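Novice: This is entry.cif, which holds mmCIF, C-alpha atoms, pLDDT in the B column; chains and numbers go by the auth columns:
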```cif
data_data
#
loop_
_atom_site.group_PDB
_atom_site.id
_atom_site.type_symbol
_atom_site.label_atom_id
_atom_site.label_comp_id
_atom_site.label_asym_id
_atom_site.label_seq_id
_atom_site.Cartn_x
_atom_site.Cartn_y
_atom_site.Cartn_z
_atom_site.B_iso_or_equiv
_atom_site.auth_seq_id
_atom_site.auth_asym_id
ATOM 1 C CA MET A 1 211.589 74.895 84.544 47.00 159 A
ATOM 2 C CA GLU A 2 211.780 73.861 88.176 53.00 160 A
ATOM 3 C CA ASP A 3 212.427 77.363 89.604 80.00 161 A
ATOM 4 C CA MET A 4 210.413 79.253 92.202 80.00 162 A
ATOM 5 C CA GLY A 5 208.139 80.790 89.591 82.00 163 A
ATOM 6 C CA PHE A 6 207.298 77.373 88.196 85.00 164 A
ATOM 7 C CA TRP A 7 206.571 75.916 91.632 87.00 165 A
ATOM 8 C CA ALA A 8 204.378 78.876 92.582 88.00 166 A
ATOM 9 C CA ILE A 9 202.277 78.494 89.431 86.00 167 A
ATOM 10 C CA ALA A 10 202.209 74.689 89.642 88.00 168 A
ATOM 11 C CA GLY A 11 201.218 74.799 93.317 89.00 169 A
ATOM 12 C CA LEU A 12 198.361 77.206 92.590 88.00 170 A
ATOM 13 C CA ALA A 13 197.195 75.025 89.688 88.00 171 A
ATOM 14 C CA ALA A 14 197.214 71.979 91.980 90.00 172 A
ATOM 15 C CA VAL A 15 195.153 73.837 94.601 90.00 173 A
ATOM 16 C CA LEU A 16 192.611 74.834 91.940 86.00 174 A
ATOM 17 C CA VAL A 17 192.339 71.197 90.841 88.00 175 A
ATOM 18 C CA GLY A 18 191.760 70.119 94.436 89.00 176 A
ATOM 19 C CA MET A 19 189.135 72.798 95.108 87.00 177 A
ATOM 20 C CA GLY A 20 187.362 71.821 91.909 84.00 178 A
ATOM 21 C CA LYS A 21 187.249 68.219 93.070 83.00 179 A
ATOM 22 C CA GLY A 22 185.803 69.516 96.316 85.00 180 A
ATOM 23 C CA GLY A 23 182.871 70.862 94.315 80.00 181 A
ATOM 24 C CA VAL A 24 183.789 74.537 93.790 79.00 182 A
ATOM 25 C CA PRO A 25 182.396 75.466 90.351 70.00 183 A
ATOM 26 C CA VAL A 26 184.722 75.303 87.348 66.00 184 A
ATOM 27 C CA VAL A 27 187.921 76.482 89.108 75.00 185 A
ATOM 28 C CA ALA A 28 189.808 73.347 88.056 77.00 186 A
ATOM 29 C CA MET A 29 189.461 74.470 84.428 73.00 187 A
ATOM 30 C CA LEU A 30 191.872 77.296 85.193 74.00 188 A
ATOM 31 C CA SER A 31 194.680 74.833 85.896 80.00 189 A
ATOM 32 C CA VAL A 32 195.705 74.060 82.298 76.00 190 A
ATOM 33 C CA PRO A 33 195.674 77.730 81.153 73.00 191 A
ATOM 34 C CA LEU A 34 197.651 78.620 84.276 76.00 192 A
ATOM 35 C CA MET A 35 200.249 75.898 83.727 80.00 193 A
ATOM 36 C CA SER A 36 200.462 76.947 80.077 72.00 194 A
ATOM 37 C CA LEU A 37 202.313 80.032 81.299 71.00 195 A
ATOM 38 C CA VAL A 38 205.329 77.831 82.057 77.00 196 A
ATOM 39 C CA MET A 39 204.958 74.895 79.615 76.00 197 A
ATOM 40 C CA SER A 40 203.028 73.827 76.528 71.00 198 A
ATOM 41 C CA PRO A 41 199.301 73.129 77.003 70.00 199 A
ATOM 42 C CA VAL A 42 199.796 69.492 75.957 71.00 200 A
ATOM 43 C CA MET A 43 202.513 68.993 78.586 78.00 201 A
ATOM 44 C CA ALA A 44 200.386 70.815 81.145 79.00 202 A
ATOM 45 C CA ALA A 45 197.413 68.520 80.522 80.00 203 A
ATOM 46 C CA GLY A 46 199.624 65.450 80.921 83.00 204 A
ATOM 47 C CA LEU A 47 201.255 66.729 84.106 86.00 205 A
ATOM 48 C CA LEU A 48 197.933 67.613 85.721 87.00 206 A
ATOM 49 C CA LEU A 49 195.989 64.441 84.883 89.00 207 A
ATOM 50 C CA PRO A 50 197.478 62.277 87.684 90.00 208 A
ATOM 51 C CA ILE A 51 196.801 65.155 90.116 90.00 209 A
ATOM 52 C CA TYR A 52 193.181 65.121 88.989 89.00 210 A
ATOM 53 C CA VAL A 53 193.020 61.361 89.558 90.00 211 A
ATOM 54 C CA VAL A 54 194.495 61.529 93.078 89.00 212 A
ATOM 55 C CA SER A 55 192.233 64.451 94.007 88.00 213 A
ATOM 56 C CA ASP A 56 189.269 62.516 92.634 89.00 214 A
ATOM 57 C CA ALA A 57 189.788 59.836 95.292 90.00 215 A
ATOM 58 C CA PHE A 58 189.227 62.387 98.065 86.00 216 A
ATOM 59 C CA GLY A 59 186.297 63.952 96.222 85.00 217 A
ATOM 60 C CA LEU A 60 184.659 60.546 95.801 90.00 218 A
ATOM 61 C CA TYR A 61 184.830 59.989 99.529 88.00 219 A
ATOM 62 C CA ALA A 62 183.450 63.428 100.339 85.00 220 A
ATOM 63 C CA TYR A 63 180.455 63.085 97.993 88.00 221 A
ATOM 64 C CA ARG A 64 179.835 59.348 98.297 89.00 222 A
ATOM 65 C CA HIS A 65 176.238 59.974 99.419 89.00 223 A
ATOM 66 C CA ALA A 66 175.374 62.965 97.182 89.00 224 A
ATOM 67 C CA PHE A 67 174.904 62.219 93.485 93.00 225 A
ATOM 68 C CA ASP A 68 172.259 61.537 90.851 94.00 226 A
ATOM 69 C CA ARG A 69 172.361 57.944 89.575 95.00 227 A
ATOM 70 C CA ARG A 70 170.309 58.612 86.448 96.00 228 A
ATOM 71 C CA VAL A 71 172.507 61.485 85.330 96.00 229 A
ATOM 72 C CA LEU A 72 175.628 59.370 85.829 97.00 230 A
ATOM 73 C CA ALA A 73 174.076 56.430 83.975 97.00 231 A
ATOM 74 C CA ILE A 74 173.426 58.679 80.973 97.00 232 A
ATOM 75 C CA LEU A 75 176.573 60.800 80.937 97.00 233 A
ATOM 76 C CA GLY A 76 179.122 58.109 81.883 96.00 234 A
ATOM 77 C CA PRO A 77 178.827 55.863 78.788 97.00 235 A
ATOM 78 C CA ALA A 78 178.517 58.905 76.521 97.00 236 A
ATOM 79 C CA ALA A 79 181.682 60.398 78.020 96.00 237 A
ATOM 80 C CA THR A 80 183.503 57.142 77.263 96.00 238 A
ATOM 81 C CA VAL A 81 182.629 57.574 73.601 96.00 239 A
ATOM 82 C CA GLY A 82 183.840 61.183 73.737 94.00 240 A
ATOM 83 C CA ILE A 83 187.169 60.110 75.226 94.00 241 A
ATOM 84 C CA GLY A 84 187.564 57.531 72.476 94.00 242 A
ATOM 85 C CA LEU A 85 186.865 60.161 69.837 91.00 243 A
ATOM 86 C CA GLY A 86 189.396 62.467 71.444 88.00 244 A
ATOM 87 C CA TRP A 87 192.048 59.758 71.363 88.00 245 A
ATOM 88 C CA ALA A 88 191.246 58.707 67.788 88.00 246 A
ATOM 89 C CA THR A 89 191.309 62.274 66.452 83.00 247 A
ATOM 90 C CA ALA A 90 194.136 63.649 68.602 74.00 248 A
ATOM 91 C CA GLU A 91 196.336 64.149 65.533 74.00 249 A
ATOM 92 C CA VAL A 92 193.550 65.297 63.196 78.00 250 A
ATOM 93 C CA VAL A 93 191.097 67.706 64.802 72.00 251 A
ATOM 94 C CA PRO A 94 192.602 71.108 65.702 76.00 252 A
ATOM 95 C CA GLU A 95 192.483 71.611 69.449 70.00 253 A
ATOM 96 C CA ALA A 96 191.718 75.293 68.892 75.00 254 A
ATOM 97 C CA LEU A 97 188.543 74.463 66.934 77.00 255 A
ATOM 98 C CA VAL A 98 187.183 72.211 69.678 69.00 256 A
ATOM 99 C CA THR A 99 188.119 74.752 72.346 70.00 257 A
ATOM 100 C CA GLY A 100 186.351 77.576 70.523 78.00 258 A
ATOM 101 C CA LEU A 101 183.156 75.613 69.856 72.00 259 A
ATOM 102 C CA VAL A 102 182.842 74.479 73.457 67.00 260 A
ATOM 103 C CA GLY A 103 183.428 78.028 74.627 75.00 261 A
ATOM 104 C CA LEU A 104 180.779 79.400 72.274 80.00 262 A
ATOM 105 C CA ILE A 105 178.169 76.939 73.530 74.00 263 A
ATOM 106 C CA GLY A 106 178.996 77.820 77.128 73.00 264 A
ATOM 107 C CA VAL A 107 178.792 81.582 76.483 82.00 265 A
ATOM 108 C CA VAL A 108 175.374 81.319 74.827 79.00 266 A
ATOM 109 C CA PHE A 109 173.989 79.096 77.572 74.00 267 A
ATOM 110 C CA ALA A 110 175.325 81.193 80.468 77.00 268 A
ATOM 111 C CA ALA A 111 174.259 84.474 78.843 82.00 269 A
ATOM 112 C CA ASN A 112 170.742 83.087 78.383 75.00 270 A
ATOM 113 C CA LEU A 113 170.568 82.184 82.070 72.00 271 A
ATOM 114 C CA LEU A 114 171.742 85.641 83.127 78.00 272 A
ATOM 115 C CA LEU A 115 169.640 87.714 80.718 78.00 273 A
ATOM 116 C CA ARG A 116 166.290 85.955 80.735 67.00 274 A
ATOM 117 C CA ARG A 117 163.532 87.123 83.063 55.00 275 A
ATOM 118 C CA ARG A 118 163.716 85.684 86.559 57.00 276 A
ATOM 119 C CA VAL A 119 160.620 83.498 86.564 51.00 277 A
ATOM 120 C CA PRO A 120 160.231 80.194 88.402 53.00 278 A
ATOM 121 C CA VAL A 121 161.230 77.272 86.194 61.00 279 A
ATOM 122 C CA GLU A 122 160.257 73.704 86.883 73.00 280 A
ATOM 123 C CA PRO A 123 163.198 71.273 87.051 80.00 281 A
ATOM 124 C CA GLN A 124 163.650 69.392 83.793 83.00 282 A
ATOM 125 C CA ALA A 125 163.960 65.616 83.585 86.00 283 A
ATOM 126 C CA ALA A 126 167.326 64.054 82.794 88.00 284 A
ATOM 127 C CA ARG A 127 166.621 63.141 79.166 93.00 285 A
ATOM 128 C CA VAL A 128 168.684 60.497 77.426 95.00 286 A
ATOM 129 C CA LEU A 129 169.372 61.952 73.961 95.00 287 A
ATOM 130 C CA PRO A 130 170.583 65.389 75.132 94.00 288 A
ATOM 131 C CA GLY A 131 172.578 63.610 77.827 95.00 289 A
ATOM 132 C CA LEU A 132 174.315 61.399 75.276 96.00 290 A
ATOM 133 C CA PHE A 133 175.334 64.461 73.269 95.00 291 A
ATOM 134 C CA TRP A 134 176.543 66.546 76.208 95.00 292 A
ATOM 135 C CA GLY A 135 178.193 63.562 77.869 96.00 293 A
ATOM 136 C CA ALA A 136 180.181 62.817 74.717 96.00 294 A
ATOM 137 C CA ALA A 137 181.089 66.505 74.470 92.00 295 A
ATOM 138 C CA ALA A 138 182.268 66.495 78.093 93.00 296 A
ATOM 139 C CA GLY A 139 184.423 63.417 77.510 94.00 297 A
ATOM 140 C CA PHE A 140 185.907 64.835 74.321 90.00 298 A
ATOM 141 C CA THR A 141 186.710 68.289 75.661 85.00 299 A
ATOM 142 C CA SER A 142 188.004 66.865 78.920 88.00 300 A
ATOM 143 C CA PHE A 143 190.370 64.691 76.900 88.00 301 A
ATOM 144 C CA VAL A 144 191.583 67.668 74.892 79.00 302 A
ATOM 145 C CA SER A 145 192.275 70.095 77.742 72.00 303 A
ATOM 146 C CA HIS A 146 190.484 69.054 80.967 79.00 304 A
ATOM 147 C CA ALA A 147 187.663 71.398 79.909 76.00 305 A
ATOM 148 C CA GLY A 148 184.662 69.125 80.313 84.00 306 A
ATOM 149 C CA ALA A 149 182.792 71.317 82.797 82.00 307 A
ATOM 150 C CA PRO A 150 180.824 73.552 80.352 81.00 308 A
ATOM 151 C CA PRO A 151 179.098 70.625 78.555 88.00 309 A
ATOM 152 C CA TYR A 152 178.320 69.031 81.928 91.00 310 A
ATOM 153 C CA GLN A 153 176.825 72.278 83.208 86.00 311 A
ATOM 154 C CA VAL A 154 174.772 72.899 80.063 86.00 312 A
ATOM 155 C CA TYR A 155 173.094 69.528 80.616 93.00 313 A
ATOM 156 C CA THR A 156 172.744 69.488 84.403 92.00 314 A
ATOM 157 C CA MET A 157 171.858 73.071 85.333 87.00 315 A
ATOM 158 C CA PRO A 158 168.288 72.850 83.909 89.00 316 A
ATOM 159 C CA LEU A 159 167.781 69.762 86.122 92.00 317 A
ATOM 160 C CA ARG A 160 167.998 72.028 89.181 88.00 318 A
ATOM 161 C CA LEU A 161 169.815 69.512 91.326 90.00 319 A
ATOM 162 C CA ARG A 162 170.593 70.403 94.927 89.00 320 A
ATOM 163 C CA LYS A 163 174.035 72.012 95.157 86.00 321 A
ATOM 164 C CA GLU A 164 175.587 69.003 96.952 89.00 322 A
ATOM 165 C CA VAL A 165 174.109 66.611 94.371 92.00 323 A
ATOM 166 C CA PHE A 166 175.245 68.867 91.520 91.00 324 A
ATOM 167 C CA ALA A 167 178.796 68.959 92.924 87.00 325 A
ATOM 168 C CA GLY A 168 178.847 65.255 93.818 91.00 326 A
ATOM 169 C CA THR A 169 177.559 64.105 90.436 94.00 327 A
ATOM 170 C CA SER A 170 180.209 66.246 88.737 91.00 328 A
ATOM 171 C CA THR A 171 182.941 64.869 91.001 89.00 329 A
ATOM 172 C CA ILE A 172 181.987 61.234 90.340 94.00 330 A
ATOM 173 C CA LEU A 173 181.562 61.700 86.582 95.00 331 A
ATOM 174 C CA PHE A 174 184.921 63.400 86.132 93.00 332 A
ATOM 175 C CA ALA A 175 186.653 60.925 88.435 93.00 333 A
ATOM 176 C CA TYR A 176 185.592 58.257 85.952 95.00 334 A
ATOM 177 C CA ILE A 177 186.549 60.387 82.936 95.00 335 A
ATOM 178 C CA ASN A 178 189.995 61.171 84.341 93.00 336 A
ATOM 179 C CA ALA A 179 190.716 57.535 85.155 94.00 337 A
ATOM 180 C CA ALA A 180 189.655 56.554 81.633 94.00 338 A
ATOM 181 C CA LYS A 181 192.069 59.120 80.147 93.00 339 A
ATOM 182 C CA LEU A 182 195.169 57.628 81.800 91.00 340 A
ATOM 183 C CA ILE A 183 195.813 54.951 79.167 91.00 341 A
ATOM 184 C CA PRO A 184 195.432 57.167 76.076 90.00 342 A
ATOM 185 C CA TYR A 185 197.460 59.951 77.716 89.00 343 A
ATOM 186 C CA TRP A 186 200.265 57.462 78.427 88.00 344 A
ATOM 187 C CA ALA A 187 200.033 56.086 74.884 87.00 345 A
ATOM 188 C CA LEU A 188 200.319 59.601 73.449 82.00 346 A
ATOM 189 C CA GLY A 189 203.334 60.376 75.664 81.00 347 A
ATOM 190 C CA GLN A 190 201.573 63.088 77.672 79.00 348 A
ATOM 191 C CA ILE A 191 202.277 61.177 80.887 82.00 349 A
ATOM 192 C CA ASN A 192 205.792 59.894 81.534 78.00 350 A
ATOM 193 C CA ILE A 193 208.097 59.025 84.409 80.00 351 A
ATOM 194 C CA SER A 194 209.586 62.531 84.483 76.00 352 A
ATOM 195 C CA ASN A 195 206.337 64.412 85.030 76.00 353 A
ATOM 196 C CA LEU A 196 205.069 61.761 87.453 81.00 354 A
ATOM 197 C CA LYS A 197 207.834 62.831 89.853 80.00 355 A
ATOM 198 C CA LEU A 198 206.498 66.392 89.808 83.00 356 A
ATOM 199 C CA THR A 199 202.977 65.067 90.202 86.00 357 A
ATOM 200 C CA LEU A 200 203.803 63.314 93.474 86.00 358 A
ATOM 201 C CA VAL A 201 204.809 66.629 95.034 88.00 359 A
ATOM 202 C CA LEU A 202 201.843 68.575 93.654 88.00 360 A
ATOM 203 C CA CYS A 203 199.335 65.968 94.849 89.00 361 A
ATOM 204 C CA ILE A 204 199.891 67.157 98.440 90.00 362 A
ATOM 205 C CA PRO A 205 198.410 70.688 98.096 90.00 363 A
ATOM 206 C CA ALA A 206 195.769 69.371 95.683 90.00 364 A
ATOM 207 C CA SER A 207 194.559 66.749 98.174 88.00 365 A
ATOM 208 C CA LEU A 208 194.338 69.270 101.013 89.00 366 A
ATOM 209 C CA ALA A 209 192.442 71.702 98.780 91.00 367 A
ATOM 210 C CA VAL A 210 189.718 69.102 98.133 90.00 368 A
ATOM 211 C CA PHE A 211 188.488 69.417 101.711 88.00 369 A
ATOM 212 C CA ALA A 212 188.641 73.207 101.557 88.00 370 A
ATOM 213 C CA GLY A 213 186.441 73.042 98.469 87.00 371 A
ATOM 214 C CA VAL A 214 183.942 70.699 100.142 87.00 372 A
ATOM 215 C CA ARG A 215 183.699 73.064 103.109 88.00 373 A
ATOM 216 C CA LEU A 216 183.149 76.074 100.849 85.00 374 A
ATOM 217 C CA VAL A 217 180.335 74.328 98.956 83.00 375 A
ATOM 218 C CA ARG A 218 178.604 73.457 102.226 85.00 376 A
ATOM 219 C CA VAL A 219 178.595 77.014 103.582 86.00 377 A
ATOM 220 C CA LEU A 220 177.623 78.820 100.357 81.00 378 A
ATOM 221 C CA PRO A 221 173.888 79.638 100.045 85.00 379 A
ATOM 222 C CA GLU A 222 172.318 77.612 97.233 76.00 380 A
ATOM 223 C CA LYS A 223 171.279 80.644 95.163 79.00 381 A
ATOM 224 C CA LEU A 224 174.748 82.164 95.425 81.00 382 A
ATOM 225 C CA PHE A 225 176.321 78.815 94.550 78.00 383 A
ATOM 226 C CA PHE A 226 174.479 78.576 91.224 76.00 384 A
ATOM 227 C CA GLN A 227 175.069 82.258 90.466 80.00 385 A
ATOM 228 C CA LEU A 228 178.772 81.538 90.856 79.00 386 A
ATOM 229 C CA VAL A 229 178.429 78.485 88.605 73.00 387 A
ATOM 230 C CA THR A 230 176.747 80.562 85.899 78.00 388 A
ATOM 231 C CA TRP A 231 179.244 83.424 86.021 83.00 389 A
ATOM 232 C CA ALA A 232 182.177 81.009 86.120 75.00 390 A
ATOM 233 C CA LEU A 233 180.753 79.227 83.090 71.00 391 A
ATOM 234 C CA LEU A 234 180.389 82.539 81.223 82.00 392 A
ATOM 235 C CA ILE A 235 183.885 83.818 82.037 81.00 393 A
ATOM 236 C CA LEU A 236 185.702 80.579 81.340 73.00 394 A
ATOM 237 C CA SER A 237 183.692 79.889 78.196 77.00 395 A
ATOM 238 C CA ALA A 238 184.576 83.365 76.917 84.00 396 A
ATOM 239 C CA LYS A 239 188.213 82.549 77.561 80.00 397 A
ATOM 240 C CA LEU A 240 187.838 79.307 75.606 74.00 398 A
ATOM 241 C CA VAL A 241 186.398 81.257 72.671 84.00 399 A
ATOM 242 C CA TRP A 242 189.367 83.639 72.825 85.00 400 A
ATOM 243 C CA ASP A 243 191.876 80.800 73.062 80.00 401 A
ATOM 244 C CA GLY A 244 190.230 78.966 70.173 78.00 402 A
ATOM 245 C CA ALA A 245 190.153 82.035 67.936 86.00 403 A
ATOM 246 C CA ARG A 246 193.759 82.876 68.749 83.00 404 A
ATOM 247 C CA GLY A 247 194.828 79.289 68.050 79.00 405 A
ATOM 248 C CA LEU A 248 193.026 79.177 64.680 80.00 406 A
ATOM 249 C CA ALA A 249 194.430 82.580 63.717 80.00 407 A
ATOM 250 C CA GLY A 250 197.951 81.485 64.630 66.00 408 A
#
```
For the structure just supplied, provide its representation as C-alpha cells.

Specialist:
Amino acid sequence: MEDMGFWAIAGLAAVLVGMGKGGVPVVAMLSVPLMSLVMSPVMAAGLLLPIYVVSDAFGLYAYRHAFDRRVLAILGPAATVGIGLGWATAEVVPEALVTGLVGLIGVVFAANLLLRRRVPVEPQAARVLPGLFWGAAAGFTSFVSHAGAPPYQVYTMPLRLRKEVFAGTSTILFAYINAAKLIPYWALGQINISNLKLTLVLCIPASLAVFAGVRLVRVLPEKLFFQLVTWALLILSAKLVWDGARGLAG
C-alpha cells in the first residue's frame, strides 16, 4: 500500500482536505472517493479523520472572526444528533442508501439554483426547524463518509451569507463535527495506531493547504465564489447519486 502511487493519491487527498478547511467549496469531499482508489472507503474515512481534525485547527484560527452564531447554534446540536444516529446505525443502514439520498437532495437543490430565473432574492432567516433537519443530515452523512457539505449548503445558501462568513461558519461547524466523530470512529476500529502513523505525515501538506485555501477564498469575487459552490454541489451530489446506485446494485 505504501508505494509511490499510494503516497501521490494520499498527498493529493490531504491537500484537498486542507483547502476545504481553508474555505474552498466542497473540495474536501473528494478526499474519500480519491483515497478509495487505494483502500476501502471505510478505511479511507478513518485515515482521513485525524487529518480533518488537525486541518480544522488552522481553519478555526483563520476564520475566528467570520462566522454566523445563530447558524452554528442551530446546526451544531442537530449535527450531534446526526452523528449519534450514524454511530448507532453503522451496522444497520446501508451506506449506499444514505449516500444516494444525500446526493439526490443536493442535485435537486443545485439544479434549481442554476435553472431558475435570475431575479433578486431577499436573504432568508436562519429558521430553527429546517436547520435541525439539515444539521442532523450533515452530522449523519459526515459520519458515514465525510460528506456533510451538501446538507450544510442546502440550508445556508438561501441565507446569502457573505463568502467569508459562509466559509467560516462551515469551517467551525465541521471542526466540531469532526472532533465529535473521533470517539465513535475509534470505537468502530476505523482509527487505529497504524493509520495514525500515516496521518502524521499527511497532516503536513494538509496544514499548508489550509492557508492556500483561505487565500483563494479572499481573492475570488463573491458572485464567482457562490457559482463555484453551486456547481461543486451539483457535480459532487451527482457523484453521490452514482455511488449510491452502484452500491445498492452491487

Novice: Could you tell me, as number ranges by chain, exactly which residues end up selected when the PyMOL selection byres ((chain A and resi 396-408) around 6) is applied to this structure?

Specialist: A: 254-255, 257-258, 261-262, 393-395

Novice: For the provided coordinates, the residues matched by the PyMOL selection byres ((chain A and resi 247-249) around 10) should be stated as a list in words.

Specialist: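 The output of the PyMOL selection byres ((chain A and resi 247-249) around 10) on this file is Ile241, Gly242, Leu243, Gly244, Trp245, Ala246, Val250, Val251, Pro252, Glu253, Phe298, Phe301, Val302, Pro342 and Leu346 of chain A.
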
Novice: Would you write out, as a ChimeraX atom specification, every residue that the PyMOL selection byres ((chain A and resi 329-341) around 9) captures in this file?

Specialist: /A:178-181,207-208,210-211,213-215,217-218,221-222,225,230,233-234,237-238,241,245,296-297,300-301,304,306-307,324-328,342-346,349

Novice: Between A:Gln282, A:Ser303, A:Asn270, A:Asn353, which residue has the minimum interatomic distance to Val190 in chain A, considering only C-alpha atoms?

Specialist: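 Checking each candidate against Val190 in chain A, we get A:Ser303 as the closest.
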
Novice: Which value, in Å to one decimal, gives the distance between CA of Ala231 in chain A and CA of Val182 in chain A?

Specialist: 22.8 Å

Novice: Out of A:Ala294, A:Cys361, A:Leu271, A:Leu259, which residue has the shortest atom-to-atom distance to Gln385 in chain A when counting only C-alpha atoms?

Specialist: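 Looking only at the distances to Gln385 in chain A, the closest residue turns out to be A:Leu271.
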
Novice: If you measure from CA of Ala168 in chain A to CA of Leu192 in chain A, what distance in Å do you get, rounded to one decimal?

Specialist: 8.1 Å

Novice: May I ask which of the residues A:Leu319, A:Ile362, A:Arg373, A:Leu272 is the closest one to Arg227 in chain A, counting all atoms listed in the file?

Specialist: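 Using all atoms listed in the file, the shortest distance to Arg227 in chain A belongs to A:Leu319.
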
Novice: When you draw a straight line from CA of Phe216 in chain A to CA of Ala172 in chain A, how long is it in Å?

Specialist: 13.9 Å

Novice: Could you give me, as number ranges by chain, the residues within 12 Å of Ile167 in chain A, counting only C-alpha atoms and dropping anything in the same chain fewer than 6 positions from it?

Specialist: A: 159-161, 173-174, 188-197, 202, 360

Novice: Could you check the closest approach to Pro235 in chain A for each of A:Phe383, A:Ala283, A:Leu290, A:Val200 and tell me which residue wins, using only C-alpha atoms?

Specialist: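 Closest to Pro235 in chain A, using only C-alpha atoms: A:Leu290.
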
Novice: Rank nothing, just name the residue among A:Val286, A:Leu356, A:Leu392, A:Val375 nearest to Ile209 in chain A, using all atoms listed in the file.

Specialist: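 Among the listed residues, A:Leu356 lies closest to Ile209 in chain A.
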
Novice: I need the residue nearest Leu170 in chain A from this list: A:Pro379, A:Pro363, A:Gly371, A:Pro308. Use all atoms listed in the file for the distance.

Specialist: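 Distance minimum relative to Leu170 in chain A lands on A:Pro363.
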
Novice: Please put the answer as AutoDock Vina command-line options: centre and edge lengths, in Å with one decimal, of a box along x, y and z that encloses all listed atoms of range 402-407 of chain A plus 4 Å on each side.

Specialist:
```
--center_x 192.5 --center_y 80.9 --center_z 66.9 --size_x 12.7 --size_y 11.9 --size_z 14.5
```

Novice: What would range 366-372 of chain A look like with all heavy atoms in place, written as a compact mmCIF listing (two decimals), in the frame of the given file?

Specialist:
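Heads up, here's the output in out27.txt:
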```txt
# COMPACT_ATOMS: atom_id res chain seq x y z
N LEU A 366 194.81 68.43 99.90
CA LEU A 366 194.34 69.27 101.01
C LEU A 366 193.26 70.24 100.54
O LEU A 366 192.29 70.53 101.26
CB LEU A 366 195.52 70.04 101.62
CG LEU A 366 196.59 69.19 102.31
CD1 LEU A 366 197.77 70.06 102.73
CD2 LEU A 366 196.01 68.46 103.52
N ALA A 367 193.40 70.73 99.31
CA ALA A 367 192.44 71.70 98.78
C ALA A 367 191.07 71.09 98.52
O ALA A 367 190.07 71.81 98.48
CB ALA A 367 192.98 72.32 97.49
N VAL A 368 191.01 69.75 98.33
CA VAL A 368 189.72 69.10 98.13
C VAL A 368 188.79 69.39 99.31
O VAL A 368 187.62 69.76 99.15
CB VAL A 368 189.88 67.58 97.96
CG1 VAL A 368 188.50 66.90 97.92
CG2 VAL A 368 190.63 67.27 96.67
N PHE A 369 189.32 69.25 100.52
CA PHE A 369 188.49 69.42 101.71
C PHE A 369 188.11 70.88 101.92
O PHE A 369 187.03 71.19 102.44
CB PHE A 369 189.21 68.84 102.93
CG PHE A 369 189.44 67.36 102.80
CD1 PHE A 369 190.69 66.86 102.42
CD2 PHE A 369 188.41 66.46 103.01
CE1 PHE A 369 190.90 65.50 102.27
CE2 PHE A 369 188.62 65.10 102.87
CZ PHE A 369 189.85 64.61 102.50
N ALA A 370 188.99 71.79 101.51
CA ALA A 370 188.64 73.21 101.56
C ALA A 370 187.49 73.50 100.60
O ALA A 370 186.57 74.26 100.91
CB ALA A 370 189.85 74.06 101.20
N GLY A 371 187.52 72.86 99.43
CA GLY A 371 186.44 73.04 98.47
C GLY A 371 185.12 72.49 98.97
O GLY A 371 184.07 73.12 98.80
N VAL A 372 185.16 71.30 99.59
CA VAL A 372 183.94 70.70 100.14
C VAL A 372 183.33 71.62 101.19
O VAL A 372 182.11 71.85 101.22
CB VAL A 372 184.25 69.32 100.76
CG1 VAL A 372 183.04 68.79 101.53
CG2 VAL A 372 184.65 68.33 99.67
```
